[in-house]
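Have a look at work-v1.pdb; it's PDB, C-alpha atoms:
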MODEL        1
ATOM      1  CA  MET J   1      54.599 -23.594 134.619
ATOM      2  CA  ILE J   2      54.635 -21.020 131.817
ATOM      3  CA  SER J   3      54.771 -22.335 128.248
ATOM      4  CA  PHE J   4      57.592 -21.261 125.953
ATOM      5  CA  GLU J   5      55.111 -19.513 123.661
ATOM      6  CA  ARG J   6      53.624 -17.497 126.531
ATOM      7  CA  ARG J   7      57.068 -16.591 127.828
ATOM      8  CA  MET J   8      58.073 -15.387 124.341
ATOM      9  CA  ASP J   9      54.975 -13.162 124.273
ATOM     10  CA  SER J  10      56.567 -11.270 127.163
ATOM     11  CA  VAL J  11      59.766 -10.497 125.224
ATOM     12  CA  GLU J  12      60.381  -7.279 123.346
ATOM     13  CA  PHE J  13      63.340  -6.658 121.040
ATOM     14  CA  ARG J  14      64.431  -3.015 120.864
ATOM     15  CA  ILE J  15      66.565  -3.094 117.763
ATOM     16  CA  HIS J  16      69.479  -0.720 117.359
ATOM     17  CA  SER J  17      70.599   0.240 113.864
ATOM     18  CA  GLU J  18      74.079  -1.181 114.569
ATOM     19  CA  ALA J  19      74.570  -4.859 115.420
ATOM     20  CA  HIS J  20      75.896  -5.651 118.891
ATOM     21  CA  ILE J  21      77.396  -8.864 117.552
ATOM     22  CA  VAL J  22      79.522  -8.828 114.421
ATOM     23  CA  VAL J  23      80.550 -12.016 112.648
ATOM     24  CA  ASP J  24      83.604 -12.018 110.408
ATOM     25  CA  ASP J  25      82.520 -14.673 107.962
ATOM     26  CA  THR J  26      85.933 -14.700 106.252
ATOM     27  CA  ILE J  27      87.251 -16.322 109.456
ATOM     28  CA  CYS J  28      84.173 -18.572 109.642
ATOM     29  CA  ARG J  29      84.942 -20.096 106.243
ATOM     30  CA  ASP J  30      87.858 -22.025 107.790
ATOM     31  CA  CYS J  31      85.768 -23.337 110.703
ATOM     32  CA  SER J  32      84.743 -26.971 110.519
ATOM     33  CA  VAL J  33      82.885 -27.020 113.851
ATOM     34  CA  ARG J  34      80.326 -24.232 113.346
ATOM     35  CA  GLY J  35      79.337 -24.331 117.007
ATOM     36  CA  CYS J  36      77.546 -20.985 116.792
ATOM     37  CA  ILE J  37      74.964 -22.456 114.401
ATOM     38  CA  THR J  38      74.039 -25.349 116.659
ATOM     39  CA  ALA J  39      74.438 -23.535 120.005
ATOM     40  CA  CYS J  40      72.406 -20.388 119.380
ATOM     41  CA  PRO J  41      69.092 -20.847 121.241
ATOM     42  CA  ALA J  42      67.351 -18.397 118.888
ATOM     43  CA  ASP J  43      68.660 -20.013 115.657
ATOM     44  CA  LEU J  44      70.130 -16.738 114.415
ATOM     45  CA  PHE J  45      73.222 -18.088 112.631
ATOM     46  CA  VAL J  46      72.693 -19.219 109.048
ATOM     47  CA  PRO J  47      75.342 -20.865 106.852
ATOM     48  CA  THR J  48      75.674 -19.273 103.423
ATOM     49  CA  SER J  49      76.248 -21.099 100.152
ATOM     50  CA  ASP J  50      79.765 -19.640  99.858
ATOM     51  CA  GLY J  51      80.893 -21.082 103.223
ATOM     52  CA  GLY J  52      80.320 -18.004 105.337
ATOM     53  CA  ILE J  53      77.835 -17.379 108.117
ATOM     54  CA  LEU J  54      75.079 -14.794 108.259
ATOM     55  CA  PHE J  55      74.026 -13.565 111.717
ATOM     56  CA  ASN J  56      70.620 -11.986 112.302
ATOM     57  CA  TYR J  57      71.089  -9.914 115.468
ATOM     58  CA  GLU J  58      67.575  -8.466 115.577
ATOM     59  CA  GLN J  59      66.116 -11.207 117.821
ATOM     60  CA  CYS J  60      69.214 -12.027 119.855
ATOM     61  CA  PHE J  61      68.703 -12.970 123.523
ATOM     62  CA  GLU J  62      72.198 -11.606 124.352
ATOM     63  CA  CYS J  63      73.149 -14.854 126.092
ATOM     64  CA  GLY J  64      76.710 -14.880 124.710
ATOM     65  CA  THR J  65      76.608 -18.582 123.825
ATOM     66  CA  CYS J  66      77.901 -17.968 120.303
ATOM     67  CA  TYR J  67      80.913 -16.099 121.643
ATOM     68  CA  LEU J  68      81.656 -18.829 124.191
ATOM     69  CA  VAL J  69      81.493 -21.767 121.764
ATOM     70  CA  CYS J  70      83.313 -20.127 118.864
ATOM     71  CA  ASN J  71      86.726 -21.718 118.390
ATOM     72  CA  GLU J  72      87.961 -19.273 115.728
ATOM     73  CA  GLU J  73      89.679 -16.283 117.356
ATOM     74  CA  GLY J  74      88.243 -12.994 116.150
ATOM     75  CA  ALA J  75      85.304 -14.503 114.286
ATOM     76  CA  ILE J  76      82.712 -13.085 116.686
ATOM     77  CA  SER J  77      82.851  -9.660 118.292
ATOM     78  CA  TRP J  78      80.228  -9.497 121.026
ATOM     79  CA  ASN J  79      79.054  -6.508 123.077
ATOM     80  CA  TYR J  80      75.882  -5.584 124.889
ATOM     81  CA  PRO J  81      73.618  -3.349 122.783
ATOM     82  CA  GLU J  82      73.665   0.378 123.475
ATOM     83  CA  GLY J  83      71.506   1.464 126.404
ATOM     84  CA  GLY J  84      67.783   1.072 125.869
ATOM     85  CA  HIS J  85      68.238  -1.469 123.056
ATOM     86  CA  GLY J  86      68.294  -5.246 122.910
ATOM     87  CA  VAL J  87      66.078  -7.853 124.517
ATOM     88  CA  VAL J  88      63.630  -6.736 127.196
ATOM     89  CA  PHE J  89      61.817  -9.314 129.323
ATOM     90  CA  HIS J  90      58.492  -8.198 130.784
ATOM     91  CA  SER J  91      57.022  -9.913 133.834
ATOM     92  CA  SER J  92      53.764 -11.679 133.143
TER      93      SER J  92
ENDMDL
END
Let's see the structure in the file written out as structure tokens.
Amino acid sequence: MISFERRMDSVEFRIHSEAHIVVDDTICRDCSVRGCITACPADLFVPTSDGGILFNYEQCFECGTCYLVCNEEGAISWNYPEGGHGVVFHSS
């Protein structure tokens, strides 16, 4: 069995200058559930002091969990990154 740490050593993030996931934190301010914060396996959603949410796309696994659990229509716009960008898993 491969440890989580070793598996993460085989991951490369090819970051595009434009985010593939955009969060409209004005919609997020009315959300009481905040499922994206608890569901994101990479812990990339951060609540802000003014009630919004900051999303750090640079280390996103592109799993789509945030989009699936979000209960506020239009709060999350999710697309795959442009070709050649995003998460790349290397075999070990």
Could you pull the residues within 7 Å of Ile76 of chain J, counting only C-alpha atoms, minus those fewer than 4 positions along the same chain, as a list in words? Ile21, Val22, Val23, Asp24 and Tyr67 of chain J
Atomic distance atom CA of Gly35 of chain J - atom CA of Glu58 of chain J, expressed in Å with one decimal: 19.8 Å
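Contact shell of Thr38 of chain J at 12 Å (only C-alpha atoms; same-chain neighbours under 3 positions omitted): Val33, Arg34, Gly35, Pro41, Ala42, Asp43, Leu44, Phe45, Val46, Pro47, Thr65, Cys66, Val69 and Cys70 of chain J.
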Close residues, Phe89 of chain J itself excluded, 8 Å, only C-alpha atoms, min 2 positions apart in chain, as a ChimeraX atom specification: /J:10-12,87,91
Translate the PyMOL selection byres ((chain J and resi 30) around 9), as applied to the file shown, into an explicit residue set as a ChimeraX atom specification. /J:26-29,31-32,51-52,72
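In this comparison, which uses all atoms listed in the file, the residue of J:Cys36, J:Asn56, J:Phe4, J:Ala19 approaching Pro81 of chain J most closely is J:Ala19.
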With distances taken over only C-alpha atoms, which residue among J:Cys40, J:Leu54, J:Ile15, J:Ile2 lies nearest Val88 of chain J?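 With only C-alpha atoms as the atom set, the closest residue is J:Ile15.
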Between J:Leu68, J:Gly84, J:Asp25, J:Asn79, single out the one closest to Phe55 of chain J, counting all atoms listed in the file. J:Asp25
Expressed in Å to a single decimal, how great is the separation between atom CA of Gly64 of chain J and atom CA of Glu82 of chain J? 15.6 Å
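Across the structure, atom CA of Gln59 of chain J and atom CA of Glu18 of chain J are spaced 13.2 Å apart.
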Would you give the centre and edge lengths, in Å to one decimal, of a box along x, y and z around the listed atoms of segment 6-11 of chain J, with 6 Å added to each side, as lines of an AutoDock Vina configuration file?
center_x = 56.7
center_y = -14.0
center_z = 126.1
size_x = 18.1
size_y = 19.0
size_z = 15.6
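Closest to Ser17 of chain J among J:Glu62, J:Glu5, J:Tyr57, J:Thr48 is J:Tyr57, based on all atoms listed in the file.
Take the candidates J:Asp50, J:Asp9, J:Ser3, J:Arg14 and check each one against Gly83 of chain J using only C-alpha atoms; the shortest distance goes to J:Arg14.
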Writing C-alpha atoms and nothing else, produce segment 19-74 of chain J as a PDB file, in the first residue's frame.
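Written out: out27.pdb:
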ATOM      1  CA  ALA J  19      -8.892  29.696 -12.551  1.00  0.00           C
ATOM      2  CA  HIS J  20     -10.892  26.718 -13.800  1.00  0.00           C
ATOM      3  CA  ILE J  21     -13.248  27.104 -10.856  1.00  0.00           C
ATOM      4  CA  VAL J  22     -14.750  30.479 -10.032  1.00  0.00           C
ATOM      5  CA  VAL J  23     -16.600  31.122  -6.788  1.00  0.00           C
ATOM      6  CA  ASP J  24     -19.097  33.963  -6.582  1.00  0.00           C
ATOM      7  CA  ASP J  25     -18.713  34.800  -2.927  1.00  0.00           C
ATOM      8  CA  THR J  26     -21.625  37.266  -3.034  1.00  0.00           C
ATOM      9  CA  ILE J  27     -23.881  34.205  -3.453  1.00  0.00           C
ATOM     10  CA  CYS J  28     -21.887  32.311  -0.806  1.00  0.00           C
ATOM     11  CA  ARG J  29     -22.665  34.944   1.826  1.00  0.00           C
ATOM     12  CA  ASP J  30     -26.270  33.680   1.995  1.00  0.00           C
ATOM     13  CA  CYS J  31     -25.232  30.023   2.347  1.00  0.00           C
ATOM     14  CA  SER J  32     -25.578  28.514   5.796  1.00  0.00           C
ATOM     15  CA  VAL J  33     -24.356  25.033   4.822  1.00  0.00           C
ATOM     16  CA  ARG J  34     -20.917  25.808   3.355  1.00  0.00           C
ATOM     17  CA  GLY J  35     -20.561  22.265   2.044  1.00  0.00           C
ATOM     18  CA  CYS J  36     -17.668  23.215  -0.232  1.00  0.00           C
ATOM     19  CA  ILE J  37     -15.483  24.027   2.787  1.00  0.00           C
ATOM     20  CA  THR J  38     -16.000  20.678   4.473  1.00  0.00           C
ATOM     21  CA  ALA J  39     -16.184  18.535   1.308  1.00  0.00           C
ATOM     22  CA  CYS J  40     -13.083  19.700  -0.550  1.00  0.00           C
ATOM     23  CA  PRO J  41     -10.461  16.944  -0.123  1.00  0.00           C
ATOM     24  CA  ALA J  42      -7.636  19.451  -0.682  1.00  0.00           C
ATOM     25  CA  ASP J  43      -8.969  22.054   1.809  1.00  0.00           C
ATOM     26  CA  LEU J  44      -8.962  24.809  -0.806  1.00  0.00           C
ATOM     27  CA  PHE J  45     -12.046  26.746   0.331  1.00  0.00           C
ATOM     28  CA  VAL J  46     -11.460  29.321   3.056  1.00  0.00           C
ATOM     29  CA  PRO J  47     -14.185  31.384   4.750  1.00  0.00           C
ATOM     30  CA  THR J  48     -13.429  35.101   4.859  1.00  0.00           C
ATOM     31  CA  SER J  49     -14.155  37.451   7.743  1.00  0.00           C
ATOM     32  CA  ASP J  50     -16.825  39.264   5.701  1.00  0.00           C
ATOM     33  CA  GLY J  51     -18.864  36.076   5.106  1.00  0.00           C
ATOM     34  CA  GLY J  52     -17.521  35.220   1.681  1.00  0.00           C
ATOM     35  CA  ILE J  53     -15.400  32.303   0.549  1.00  0.00           C
ATOM     36  CA  LEU J  54     -11.944  32.374  -0.986  1.00  0.00           C
ATOM     37  CA  PHE J  55     -11.019  29.496  -3.318  1.00  0.00           C
ATOM     38  CA  ASN J  56      -7.392  28.612  -4.025  1.00  0.00           C
ATOM     39  CA  TYR J  57      -7.522  26.744  -7.346  1.00  0.00           C
ATOM     40  CA  GLU J  58      -3.776  26.198  -7.697  1.00  0.00           C
ATOM     41  CA  GLN J  59      -3.742  22.767  -5.992  1.00  0.00           C
ATOM     42  CA  CYS J  60      -7.182  21.547  -7.037  1.00  0.00           C
ATOM     43  CA  PHE J  61      -7.573  17.815  -7.759  1.00  0.00           C
ATOM     44  CA  GLU J  62     -10.416  18.598 -10.223  1.00  0.00           C
ATOM     45  CA  CYS J  63     -12.715  16.103  -8.497  1.00  0.00           C
ATOM     46  CA  GLY J  64     -15.809  18.324  -8.793  1.00  0.00           C
ATOM     47  CA  THR J  65     -16.930  17.669  -5.213  1.00  0.00           C
ATOM     48  CA  CYS J  66     -17.400  21.370  -4.485  1.00  0.00           C
ATOM     49  CA  TYR J  67     -19.688  21.758  -7.480  1.00  0.00           C
ATOM     50  CA  LEU J  68     -21.723  18.690  -6.507  1.00  0.00           C
ATOM     51  CA  VAL J  69     -22.292  19.665  -2.864  1.00  0.00           C
ATOM     52  CA  CYS J  70     -22.964  23.359  -3.430  1.00  0.00           C
ATOM     53  CA  ASN J  71     -26.618  24.143  -2.765  1.00  0.00           C
ATOM     54  CA  GLU J  72     -26.492  27.766  -3.969  1.00  0.00           C
ATOM     55  CA  GLU J  73     -27.223  27.957  -7.706  1.00  0.00           C
ATOM     56  CA  GLY J  74     -24.538  29.857  -9.580  1.00  0.00           C
TER      57      GLY J  74
END
